[in-house]
$ cat work.cif   # mmCIF, C-alpha atoms and all ligand atoms
data_structure
loop_
_atom_site.label_atom_id
_atom_site.label_comp_id
_atom_site.auth_asym_id
_atom_site.auth_seq_id
_atom_site.Cartn_x
_atom_site.Cartn_y
_atom_site.Cartn_z
CA MET Z 5 -35.89 73.15 -62.47
CA THR Z 6 -32.83 74.86 -60.97
CA THR Z 7 -29.35 73.56 -61.74
CA LEU Z 8 -27.15 72.36 -58.90
CA LEU Z 9 -25.07 75.54 -59.10
CA GLU Z 10 -28.18 77.75 -58.96
CA PHE Z 11 -29.42 75.76 -55.98
CA CYS Z 12 -26.10 76.23 -54.17
CA GLN Z 13 -26.15 79.95 -54.95
CA ARG Z 14 -29.68 80.46 -53.68
CA LEU Z 15 -29.28 78.35 -50.55
CA PRO Z 16 -28.92 80.51 -47.40
CA LYS Z 17 -25.50 79.32 -46.25
CA ILE Z 18 -23.40 78.84 -43.12
CA GLU Z 19 -19.67 79.59 -43.31
CA LEU Z 20 -17.48 78.41 -40.43
CA HIS Z 21 -13.92 78.63 -41.74
CA ALA Z 22 -12.89 81.93 -43.37
CA HIS Z 23 -9.61 83.77 -42.72
CA LEU Z 24 -10.14 87.52 -43.01
CA ASN Z 25 -6.91 88.36 -44.84
CA GLY Z 26 -7.21 85.37 -47.14
CA SER Z 27 -10.73 86.46 -48.07
CA LEU Z 28 -9.91 89.79 -49.72
CA SER Z 29 -11.14 89.78 -53.31
CA GLU Z 30 -9.26 91.51 -56.13
CA ARG Z 31 -11.88 94.25 -55.91
CA THR Z 32 -11.18 94.76 -52.20
CA LEU Z 33 -7.43 94.73 -52.80
CA ARG Z 34 -7.91 97.51 -55.37
CA ILE Z 35 -10.05 99.51 -52.93
CA LEU Z 36 -7.14 99.14 -50.50
CA ASN Z 37 -4.76 100.52 -53.18
CA VAL Z 38 -2.77 97.32 -53.73
CA SER Z 39 -0.65 97.55 -56.90
CA GLU Z 40 -1.66 95.59 -60.01
CA HIS Z 41 1.73 93.84 -59.81
CA ASN Z 42 0.87 92.44 -56.37
CA ILE Z 43 -2.69 91.57 -57.35
CA ASN Z 44 -1.27 89.62 -60.28
CA LEU Z 45 0.75 87.49 -57.84
CA TYR Z 46 -2.57 85.86 -56.92
CA GLN Z 47 -2.79 84.39 -60.42
CA LEU Z 48 0.55 82.61 -59.94
CA LEU Z 49 -1.06 80.11 -57.64
CA HIS Z 50 -3.11 78.70 -60.50
CA LYS Z 51 0.02 78.37 -62.67
CA GLN Z 52 2.42 76.72 -60.22
CA SER Z 53 2.55 72.96 -60.87
CA ASN Z 54 4.58 71.79 -57.84
CA ALA Z 55 2.14 71.02 -54.99
CA GLU Z 56 4.43 71.90 -52.08
CA GLU Z 57 5.42 75.15 -53.81
CA ARG Z 58 1.74 76.03 -54.19
CA LEU Z 59 1.14 75.77 -50.44
CA ARG Z 60 4.22 77.87 -49.75
CA LEU Z 61 3.14 80.41 -52.37
CA ALA Z 62 -0.32 80.63 -50.80
CA PHE Z 63 1.37 81.57 -47.53
CA SER Z 64 3.53 84.22 -49.19
CA LEU Z 65 0.37 85.79 -50.68
CA PHE Z 66 -0.90 86.57 -47.19
CA LYS Z 67 1.91 89.10 -46.98
CA VAL Z 68 0.25 91.13 -49.77
CA ALA Z 69 -3.02 91.20 -47.84
CA HIS Z 70 -1.28 91.99 -44.56
CA ASP Z 71 0.56 94.93 -46.13
CA ALA Z 72 -2.78 96.20 -47.41
CA THR Z 73 -4.43 96.00 -43.98
CA ASN Z 74 -1.84 97.63 -41.76
CA THR Z 75 -3.96 100.53 -40.52
CA ILE Z 76 -7.15 100.64 -38.45
CA ASP Z 77 -9.16 102.07 -41.37
CA ALA Z 78 -7.87 99.48 -43.82
CA VAL Z 79 -8.75 96.60 -41.46
CA CYS Z 80 -12.25 98.00 -41.04
CA THR Z 81 -12.71 98.53 -44.80
CA ALA Z 82 -11.40 95.04 -45.61
CA THR Z 83 -13.73 93.41 -43.08
CA LYS Z 84 -16.72 95.38 -44.35
CA HIS Z 85 -16.12 94.28 -47.95
CA VAL Z 86 -15.54 90.66 -47.01
CA ILE Z 87 -18.86 90.57 -45.12
CA GLU Z 88 -20.70 92.25 -48.03
CA GLU Z 89 -19.32 89.66 -50.46
CA TYR Z 90 -20.49 86.81 -48.25
CA TYR Z 91 -23.88 88.48 -48.10
CA ARG Z 92 -24.04 88.64 -51.91
CA ASP Z 93 -23.27 84.91 -51.94
CA ASN Z 94 -26.31 84.34 -49.67
CA VAL Z 95 -24.30 83.52 -46.58
CA ILE Z 96 -26.51 84.24 -43.57
CA TYR Z 97 -24.15 83.15 -40.79
CA LEU Z 98 -20.42 83.78 -40.95
CA GLU Z 99 -17.63 82.87 -38.57
CA LEU Z 100 -14.74 85.05 -39.61
CA ARG Z 101 -11.34 84.35 -38.13
CA THR Z 102 -8.27 86.53 -38.01
CA THR Z 103 -4.86 86.78 -36.34
CA PRO Z 104 -4.59 89.97 -34.25
CA ARG Z 105 -1.56 91.88 -35.56
CA GLU Z 106 0.56 94.59 -34.03
CA GLU Z 107 1.62 97.15 -36.64
CA SER Z 108 3.35 100.50 -36.30
CA ALA Z 109 -0.04 102.18 -36.88
CA MET Z 110 -2.12 99.97 -34.54
CA SER Z 111 -1.99 97.68 -31.53
CA ARG Z 112 -3.49 94.18 -31.46
CA LYS Z 113 -6.38 95.56 -29.46
CA GLU Z 114 -7.05 98.25 -32.08
CA TYR Z 115 -6.85 95.60 -34.81
CA ILE Z 116 -9.55 93.53 -33.10
CA GLU Z 117 -11.67 96.64 -32.44
CA ALA Z 118 -11.48 97.59 -36.13
CA VAL Z 119 -12.79 94.15 -37.15
CA ILE Z 120 -15.54 94.36 -34.53
CA LYS Z 121 -16.54 97.83 -35.70
CA ALA Z 122 -17.07 96.53 -39.23
CA ILE Z 123 -19.08 93.60 -37.85
CA THR Z 124 -21.34 95.73 -35.65
CA ASP Z 125 -21.81 98.49 -38.26
CA GLN Z 126 -23.70 96.12 -40.55
CA ASN Z 127 -26.79 93.96 -40.27
CA LEU Z 128 -26.55 91.96 -43.48
CA VAL Z 129 -25.08 88.78 -41.99
CA VAL Z 130 -24.83 87.32 -38.48
CA VAL Z 131 -21.06 87.46 -37.96
CA LYS Z 132 -19.03 85.92 -35.14
CA LEU Z 133 -15.33 86.44 -34.70
CA LEU Z 134 -12.75 83.73 -34.00
CA LEU Z 135 -9.27 84.94 -33.15
CA SER Z 136 -6.25 83.03 -34.37
CA ILE Z 137 -2.92 82.15 -32.87
CA ASN Z 138 -0.31 81.67 -35.59
CA ARG Z 139 1.54 78.38 -34.94
CA THR Z 140 4.76 79.81 -36.43
CA HIS Z 141 4.95 82.69 -33.92
CA SER Z 142 7.15 82.48 -30.83
CA LEU Z 143 5.69 81.43 -27.49
CA ASP Z 144 6.17 84.96 -26.13
CA GLU Z 145 4.38 86.57 -29.06
CA SER Z 146 1.54 84.05 -28.88
CA ASN Z 147 1.16 84.59 -25.14
CA GLU Z 148 0.98 88.34 -25.63
CA SER Z 149 -1.64 87.82 -28.29
CA LEU Z 150 -3.63 85.48 -26.04
CA GLU Z 151 -3.70 88.07 -23.24
CA THR Z 152 -5.26 90.60 -25.61
CA ILE Z 153 -7.68 88.03 -27.00
CA LEU Z 154 -8.90 87.04 -23.52
CA GLU Z 155 -9.26 90.67 -22.54
CA MET Z 156 -11.27 91.46 -25.68
CA HIS Z 157 -13.41 88.34 -25.25
CA LYS Z 158 -14.54 89.67 -21.87
CA LEU Z 159 -15.61 92.92 -23.55
CA TYR Z 160 -17.33 91.33 -26.56
CA PRO Z 161 -18.51 87.86 -25.46
CA ASN Z 162 -21.34 87.79 -28.01
CA ILE Z 163 -19.04 88.48 -30.96
CA ILE Z 164 -15.73 86.84 -30.09
CA LYS Z 165 -16.62 83.19 -29.85
CA GLY Z 166 -13.52 81.12 -30.45
CA LEU Z 167 -9.79 80.66 -30.62
CA ASP Z 168 -8.16 79.12 -33.68
CA LEU Z 169 -4.71 77.71 -34.35
CA SER Z 170 -3.52 78.37 -37.90
CA GLY Z 171 -0.42 79.35 -39.89
CA SER Z 172 1.88 77.35 -42.12
CA PRO Z 173 1.67 73.67 -41.19
CA TYR Z 174 5.33 73.23 -42.14
CA SER Z 175 6.61 74.82 -38.95
CA GLY Z 176 5.60 75.92 -35.45
CA HIS Z 177 3.77 74.31 -32.58
CA PHE Z 178 0.45 73.65 -30.92
CA TYR Z 179 0.83 75.31 -27.51
CA LYS Z 180 -1.70 73.21 -25.67
CA ASP Z 181 -1.66 75.16 -22.37
CA MET Z 182 -2.67 78.37 -24.10
CA PHE Z 183 -5.72 76.74 -25.64
CA GLU Z 184 -6.58 75.09 -22.32
CA ARG Z 185 -6.58 78.54 -20.72
CA ALA Z 186 -8.85 79.94 -23.44
CA ARG Z 187 -11.21 76.99 -23.04
CA GLN Z 188 -11.46 77.66 -19.31
CA GLN Z 189 -12.55 81.19 -20.19
CA LYS Z 190 -15.39 79.77 -22.29
CA LEU Z 191 -13.88 80.33 -25.73
CA LYS Z 192 -14.63 77.58 -28.21
CA ILE Z 193 -11.59 75.98 -29.80
CA THR Z 194 -10.93 75.12 -33.43
CA LEU Z 195 -7.51 73.87 -34.50
CA HIS Z 196 -5.97 73.48 -37.94
CA CYS Z 197 -4.91 69.88 -37.86
CA ALA Z 198 -3.38 67.29 -40.21
CA GLU Z 199 -2.97 69.64 -43.18
CA ILE Z 200 0.18 67.65 -43.84
CA VAL Z 201 1.24 64.29 -42.36
CA ASN Z 202 2.23 64.90 -38.73
CA ASN Z 203 0.78 62.01 -36.73
CA GLU Z 204 2.37 62.91 -33.42
CA GLU Z 205 0.90 66.40 -33.36
CA VAL Z 206 -2.43 65.13 -34.66
CA ASN Z 207 -2.57 62.73 -31.72
CA THR Z 208 -1.89 65.56 -29.23
CA ILE Z 209 -4.61 67.66 -30.88
CA LEU Z 210 -7.16 64.83 -30.82
CA GLN Z 211 -6.40 64.10 -27.14
CA PHE Z 212 -7.07 67.77 -26.47
CA LYS Z 213 -10.57 67.35 -27.98
CA PRO Z 214 -11.11 70.72 -29.73
CA ASP Z 215 -14.68 71.73 -30.59
CA ARG Z 216 -13.81 71.62 -34.30
CA ILE Z 217 -10.91 70.69 -36.55
CA GLY Z 218 -9.74 72.60 -39.62
CA HIS Z 219 -8.95 70.58 -42.77
CA GLY Z 220 -7.96 67.17 -41.30
CA THR Z 221 -6.57 66.30 -44.71
CA THR Z 222 -4.25 63.51 -43.55
CA LEU Z 223 -6.37 62.15 -40.69
CA HIS Z 224 -7.57 59.09 -42.60
CA THR Z 225 -5.11 56.21 -43.05
CA LYS Z 226 -5.60 56.42 -46.82
CA TYR Z 227 -3.94 59.85 -46.76
CA GLY Z 228 -1.07 59.09 -44.35
CA GLY Z 229 -2.89 59.13 -41.00
CA SER Z 230 -2.07 56.52 -38.34
CA GLN Z 231 -4.59 53.79 -37.50
CA THR Z 232 -4.56 54.99 -33.86
CA ASN Z 233 -5.47 58.54 -34.82
CA TRP Z 234 -8.19 57.52 -37.25
CA GLU Z 235 -9.76 55.23 -34.62
CA LEU Z 236 -9.52 57.98 -32.02
CA TYR Z 237 -11.11 60.44 -34.42
CA ASN Z 238 -13.95 58.01 -35.10
CA ASN Z 239 -14.63 57.77 -31.37
CA LEU Z 240 -14.55 61.51 -30.88
CA LYS Z 241 -16.38 62.51 -34.09
CA ILE Z 242 -15.21 66.14 -33.91
CA PRO Z 243 -16.81 68.24 -36.67
CA LEU Z 244 -14.38 68.84 -39.52
CA GLU Z 245 -14.17 72.14 -41.41
CA CYS Z 246 -13.60 71.13 -45.05
CA CYS Z 247 -12.24 73.57 -47.65
CA LEU Z 248 -12.13 71.78 -51.01
CA THR Z 249 -10.71 74.39 -53.39
CA SER Z 250 -8.12 75.50 -50.86
CA ASN Z 251 -6.89 71.94 -50.40
CA VAL Z 252 -6.75 71.21 -54.12
CA LEU Z 253 -5.10 74.51 -55.07
CA SER Z 254 -2.62 74.40 -52.22
CA GLY Z 255 -1.78 70.85 -53.29
CA THR Z 256 -2.56 68.98 -50.05
CA VAL Z 257 -5.30 67.09 -51.97
CA LYS Z 258 -4.77 65.88 -55.56
CA SER Z 259 -8.25 66.50 -57.00
CA PHE Z 260 -11.83 67.19 -55.95
CA LYS Z 261 -12.80 63.55 -56.49
CA GLU Z 262 -9.94 62.45 -54.24
CA HIS Z 263 -10.84 64.89 -51.47
CA HIS Z 264 -10.92 63.30 -48.03
CA VAL Z 265 -14.44 64.58 -47.43
CA ALA Z 266 -15.42 61.39 -49.32
CA GLU Z 267 -14.55 59.43 -46.16
CA TRP Z 268 -16.67 61.74 -43.99
CA ILE Z 269 -19.59 61.30 -46.39
CA LYS Z 270 -19.12 57.52 -46.50
CA HIS Z 271 -18.83 57.07 -42.71
CA GLU Z 272 -21.44 59.73 -41.91
CA LEU Z 273 -18.95 61.73 -39.88
CA PRO Z 274 -19.65 65.40 -39.05
CA PHE Z 275 -18.30 68.06 -41.41
CA SER Z 276 -19.04 71.50 -42.81
CA ILE Z 277 -18.12 73.05 -46.16
CA ASN Z 278 -16.16 76.30 -46.17
CA THR Z 279 -14.07 78.66 -48.29
CA ASP Z 280 -10.89 79.06 -46.15
CA ASP Z 281 -9.40 81.95 -48.17
CA LYS Z 282 -11.91 82.94 -50.85
CA GLY Z 283 -9.66 85.73 -52.18
CA ILE Z 284 -6.47 83.72 -52.48
CA PHE Z 285 -8.27 80.72 -53.96
CA SER Z 286 -10.82 82.69 -56.07
CA THR Z 287 -13.88 80.90 -54.76
CA ASN Z 288 -17.08 81.43 -52.80
CA LEU Z 289 -19.23 79.21 -50.61
CA SER Z 290 -21.80 78.43 -53.34
CA ASN Z 291 -18.96 77.20 -55.52
CA GLU Z 292 -17.60 75.00 -52.72
CA TYR Z 293 -20.98 73.27 -52.25
CA TYR Z 294 -21.33 72.89 -56.00
CA LEU Z 295 -17.86 71.34 -56.35
CA MET Z 296 -18.59 68.83 -53.60
CA GLY Z 297 -21.98 68.01 -55.14
CA GLU Z 298 -20.43 67.45 -58.56
CA ALA Z 299 -17.44 65.46 -57.31
CA PHE Z 300 -19.55 63.02 -55.27
CA ASN Z 301 -22.81 63.13 -57.20
CA LEU Z 302 -24.79 64.47 -54.26
CA SER Z 303 -28.44 65.49 -54.32
CA LYS Z 304 -29.75 68.95 -53.50
CA GLU Z 305 -31.37 67.39 -50.42
CA TYR Z 306 -27.97 66.14 -49.24
CA ILE Z 307 -26.42 69.57 -49.77
CA PHE Z 308 -29.27 71.27 -47.93
CA ASN Z 309 -28.83 68.91 -44.95
CA CYS Z 310 -25.07 69.31 -44.94
CA ASN Z 311 -25.43 73.11 -44.69
CA TYR Z 312 -28.22 72.72 -42.07
CA LYS Z 313 -26.04 70.51 -39.87
CA ALA Z 314 -23.27 73.12 -39.93
CA ILE Z 315 -25.51 75.26 -37.69
CA ASP Z 316 -25.07 72.74 -34.88
CA TYR Z 317 -21.28 72.79 -35.31
CA SER Z 318 -21.21 76.60 -35.18
CA PHE Z 319 -20.27 78.64 -32.13
CA ALA Z 320 -23.55 80.58 -32.16
CA SER Z 321 -25.78 80.60 -29.05
CA ASP Z 322 -28.61 78.05 -28.85
CA GLU Z 323 -31.12 80.80 -29.50
CA GLU Z 324 -29.23 81.99 -32.60
CA LYS Z 325 -28.97 78.40 -33.85
CA GLU Z 326 -32.75 77.99 -33.59
CA GLN Z 327 -33.31 81.26 -35.47
CA ILE Z 328 -30.98 80.23 -38.30
CA LYS Z 329 -32.56 76.78 -38.50
CA GLY Z 330 -35.93 78.53 -38.80
CA ILE Z 331 -34.70 80.57 -41.78
CA LEU Z 332 -33.43 77.44 -43.52
CA THR Z 333 -36.58 75.44 -42.86
CA GLN Z 334 -38.71 78.28 -44.20
CA TRP Z 335 -36.50 78.61 -47.29
CA LYS Z 336 -36.80 74.89 -47.94
CA SER Z 337 -40.58 74.84 -47.66
CA ALA Z 338 -40.77 77.75 -50.13
CA GLN Z 339 -38.86 75.65 -52.71
CA TYR Z 340 -41.47 72.92 -53.14
C1 LIG O 401 -3.26 77.37 -42.16
C2 LIG O 401 -4.04 79.42 -42.81
C3 LIG O 401 -4.57 78.85 -44.00
O1 LIG O 401 -5.44 85.69 -39.88
O2 LIG O 401 -4.32 87.45 -41.23
N1 LIG O 401 -4.30 80.74 -42.84
N2 LIG O 401 -3.39 78.67 -41.91
N3 LIG O 401 -3.73 76.76 -43.27
C4 LIG O 401 -4.38 77.46 -44.22
N4 LIG O 401 -4.79 76.82 -45.37
C5 LIG O 401 -4.39 77.23 -46.66
N5 LIG O 401 -5.16 79.84 -44.69
C6 LIG O 401 -4.99 80.99 -43.96
O3 LIG O 401 -5.57 85.58 -42.38
C7 LIG O 401 -4.44 85.05 -43.00
C8 LIG O 401 -3.80 84.04 -42.10
O4 LIG O 401 -4.64 82.89 -41.92
C9 LIG O 401 -3.87 81.70 -41.79
C10 LIG O 401 -2.40 82.11 -41.97
O5 LIG O 401 -1.82 82.28 -40.71
C11 LIG O 401 -2.51 83.45 -42.70
O6 LIG O 401 -1.40 84.29 -42.46
P1 LIG O 401 -5.52 86.55 -41.09
O7 LIG O 401 -6.79 87.32 -41.18
#

$ encode --input "work.cif" --output "structure tokens" --more "lines below"
Ligand code: 6MZ
Amino acid sequence: MTTLLEFCQRLPKIELHAHLNGSLSERTLRILNVSEHNINLYQLLHKQSNAEERLRLAFSLFKVAHDATNTIDAVCTATKHVIEEYYRDNVIYLELRTTPREESAMSRKEYIEAVIKAITDQNLVVVKLLLSINRTHSLDESNESLETILEMHKLYPNIIKGLDLSGSPYSGHFYKDMFERARQQKLKITLHCAEIVNNEEVNTILQFKPDRIGHGTTLHTKYGGSQTNWELYNNLKIPLECCLTSNVLSGTVKSFKEHHVAEWIKHELPFSINTDDKGIFSTNLSNEYYLMGEAFNLSKEYIFNCNYKAIDYSFASDEEKEQIKGILTQWKSAQY
């Protein structure tokens, strides 16, 4: 009889919310020649007791990863190692997201090409790329980024599947028109939403009807959401990308047992389980399923179904979805 953790580890998994530069493990940081001093900064997150400070600290840690991936080769190496680590965790379908960056040694286009090279050079995992707009960047910078993203999407329509809005929830904007434009060009849209209480913006995001929502921590009235937004969400039933460890460690959720996914489980609303930033938060997808299972006393059957449903929320083609469902069904029948 396998334990719940073993079950979660063996399960072929679907990851829909993973930021490339938040996913660099200590091992990858060392391969990229990051100093031990900077690697040790990652441990600070576990020691900081003030919740708001923890979220801010998490955002400052991205700087370490960004400094380590400021050349074409480093971006390619980082992506390769991230994919291999997902593979070792039995992830069979991965949607990796990243913010195209312009550095002195590379353009945004070269950044995206480096990530795509690492994706196409391997055949361990089916990987799709979502490109992110950072909500804290200026409108001009974001527009420039969008131009490149749309151009690259035309070149790689089977790899680049979506546009994401991310970045520190404490500042910045949701530039609706930009996402509307991307949607018209057939990119799927996923937006970080309600990481902190911000009911006005949440309402604008819900009215926009993205294909998926990241976190949604304060959507429910119990966590500061407005009645209007919660009712609207319940009508729309947009799949939620949940990231338990990230939310607990960054302090937007008090504990695993108090995680808002409880409401999605209770009301049978659509959600997927994800890692967010497996490097920064020292986790992996097996661990995330295990933590949810433990916190809410869920059966292996429930966990299997939860992971299976994530396929439908993914941005894969219908044919790819059927193939992945086939792998899961076969795996399940081999268990009994
Ligand atoms: C919002 C997040 C995030 O894009 O350089 N990012 N944005 N909320 C979160 N929850 C904790 N975790 C990561 O990966 C790092 C970037 O992803 C976004 C931030 O903009 C961060 O700079 P990339 O690959």

$ residues_near_point --input "work.cif" --point "(-9.7, 57.5, -39.4)" --cutoff "12 Å" --atoms "only C-alpha atoms" --output "ChimeraX atom specification"
/Z:198,203,206-207,210,220-242,264-265,267-268,270-271,273

$ residues_around --input "work.cif" --residues "Glu57 (chain Z)" --least-positions-apart "4" --cutoff "12 Å" --atoms "only C-alpha atoms" --output "VMD selection string"
chain Z and resid 48 to 53 61 to 64 174 253 to 256

$ axis_aligned_box --input "work.cif" --around "ligand LIG 401 (chain O)" --padding-each-side "4 Å" --output "lines of an AutoDock Vina configuration file"
center_x = -4.1
center_y = 82.1
center_z = -43.3
size_x = 13.4
size_y = 18.7
size_z = 14.8

$ closest_residue --input "work.cif" --among "Z:Leu133, Z:Val252, Z:Leu59, Z:Ile277" --to "ligand LIG 401 (chain O)" --atoms "only C-alpha atoms and all ligand atoms"
Z:Leu59

$ atom_distance --input "work.cif" --atom1 "CA of Val95 (chain Z)" --atom2 "CA of Thr32 (chain Z)"
18.2 Å

$ residues_near_ligand --input "work.cif" --ligand "ligand LIG 401 (chain O)" --cutoff "6 Å" --atoms "only C-alpha atoms and all ligand atoms" --output "list in words"
His23, Leu24, Asn25, Gly26, Phe66, Thr102, Thr103, Asn138, Ser170, Gly171, Ser172, Ser250, Asp280 and Asp281 of chain Z

$ closest_residue --input "work.cif" --among "Z:Thr194, Z:Asn54, Z:Ser149, Z:Asn94" --to "Leu332 (chain Z)" --atoms "only C-alpha atoms"
Z:Asn94

$ residues_around --input "work.cif" --residues "Ile193 (chain Z)" --least-positions-apart "6" --cutoff "10 Å" --atoms "only C-alpha atoms" --output "compact mmCIF listing (two decimals) with C-alpha atoms, in the coordinates of the input"
# COMPACT_ATOMS: atom_id res chain seq x y z
CA LEU Z 134 -12.75 83.73 -34.00
CA LEU Z 135 -9.27 84.94 -33.15
CA SER Z 136 -6.25 83.03 -34.37
CA LYS Z 165 -16.62 83.19 -29.85
CA GLY Z 166 -13.52 81.12 -30.45
CA LEU Z 167 -9.79 80.66 -30.62
CA ASP Z 168 -8.16 79.12 -33.68
CA LEU Z 169 -4.71 77.71 -34.35
CA PHE Z 183 -5.72 76.74 -25.64
CA GLU Z 184 -6.58 75.09 -22.32
CA ALA Z 186 -8.85 79.94 -23.44
CA ARG Z 187 -11.21 76.99 -23.04
CA PHE Z 212 -7.07 67.77 -26.47
CA LYS Z 213 -10.57 67.35 -27.98
CA PRO Z 214 -11.11 70.72 -29.73
CA ASP Z 215 -14.68 71.73 -30.59
CA ARG Z 216 -13.81 71.62 -34.30
CA ILE Z 217 -10.91 70.69 -36.55
CA PHE Z 319 -20.27 78.64 -32.13

$ atom_distance --input "work.cif" --atom1 "CA of Glu88 (chain Z)" --atom2 "CA of Pro104 (chain Z)"
21.3 Å

$ closest_residue --input "work.cif" --among "Z:His157, Z:Arg34, Z:Lys132, Z:Arg112" --to "Ile18 (chain Z)" --atoms "only C-alpha atoms"
Z:Lys132

$ closest_residue --input "work.cif" --among "Z:Asn309, Z:Asn288, Z:Asn37, Z:Gln211" --to "Cys247 (chain Z)" --atoms "all atoms listed in the file"
Z:Asn288

$ atom_distance --input "work.cif" --atom1 "CA of Lys17 (chain Z)" --atom2 "CA of Ala78 (chain Z)"
26.9 Å

$ residues_near_point --input "work.cif" --point "(-9.9, 92.8, -43.5)" --cutoff "12 Å" --atoms "only C-alpha atoms" --output "ChimeraX atom specification"
/Z:22-29,32-33,35-36,66,69-88,100-105,115-123,281,283

$ residues_around --input "work.cif" --residues "Tyr306 (chain Z)" --least-positions-apart "4" --cutoff "12 Å" --atoms "only C-alpha atoms" --output "PyMOL selection string"
chain Z and resi 8+11-12+269+272+293-294+296-297+300-302+310-313

$ residues_around --input "work.cif" --residues "Asn42 (chain Z)" --least-positions-apart "3" --cutoff "10 Å" --atoms "all atoms listed in the file" --output "PyMOL selection string"
chain Z and resi 33+38-39+45-47+65+68-69

$ closest_residue --input "work.cif" --among "Z:Glu114, Z:Asp125, Z:Glu99, Z:Glu323" --to "Ile153 (chain Z)" --atoms "only C-alpha atoms"
Z:Glu114

$ closest_residue --input "work.cif" --among "Z:Asn162, Z:Ser146, Z:Asn44, Z:Ser321" --to "Ile284 (chain Z)" --atoms "only C-alpha atoms"
Z:Asn44
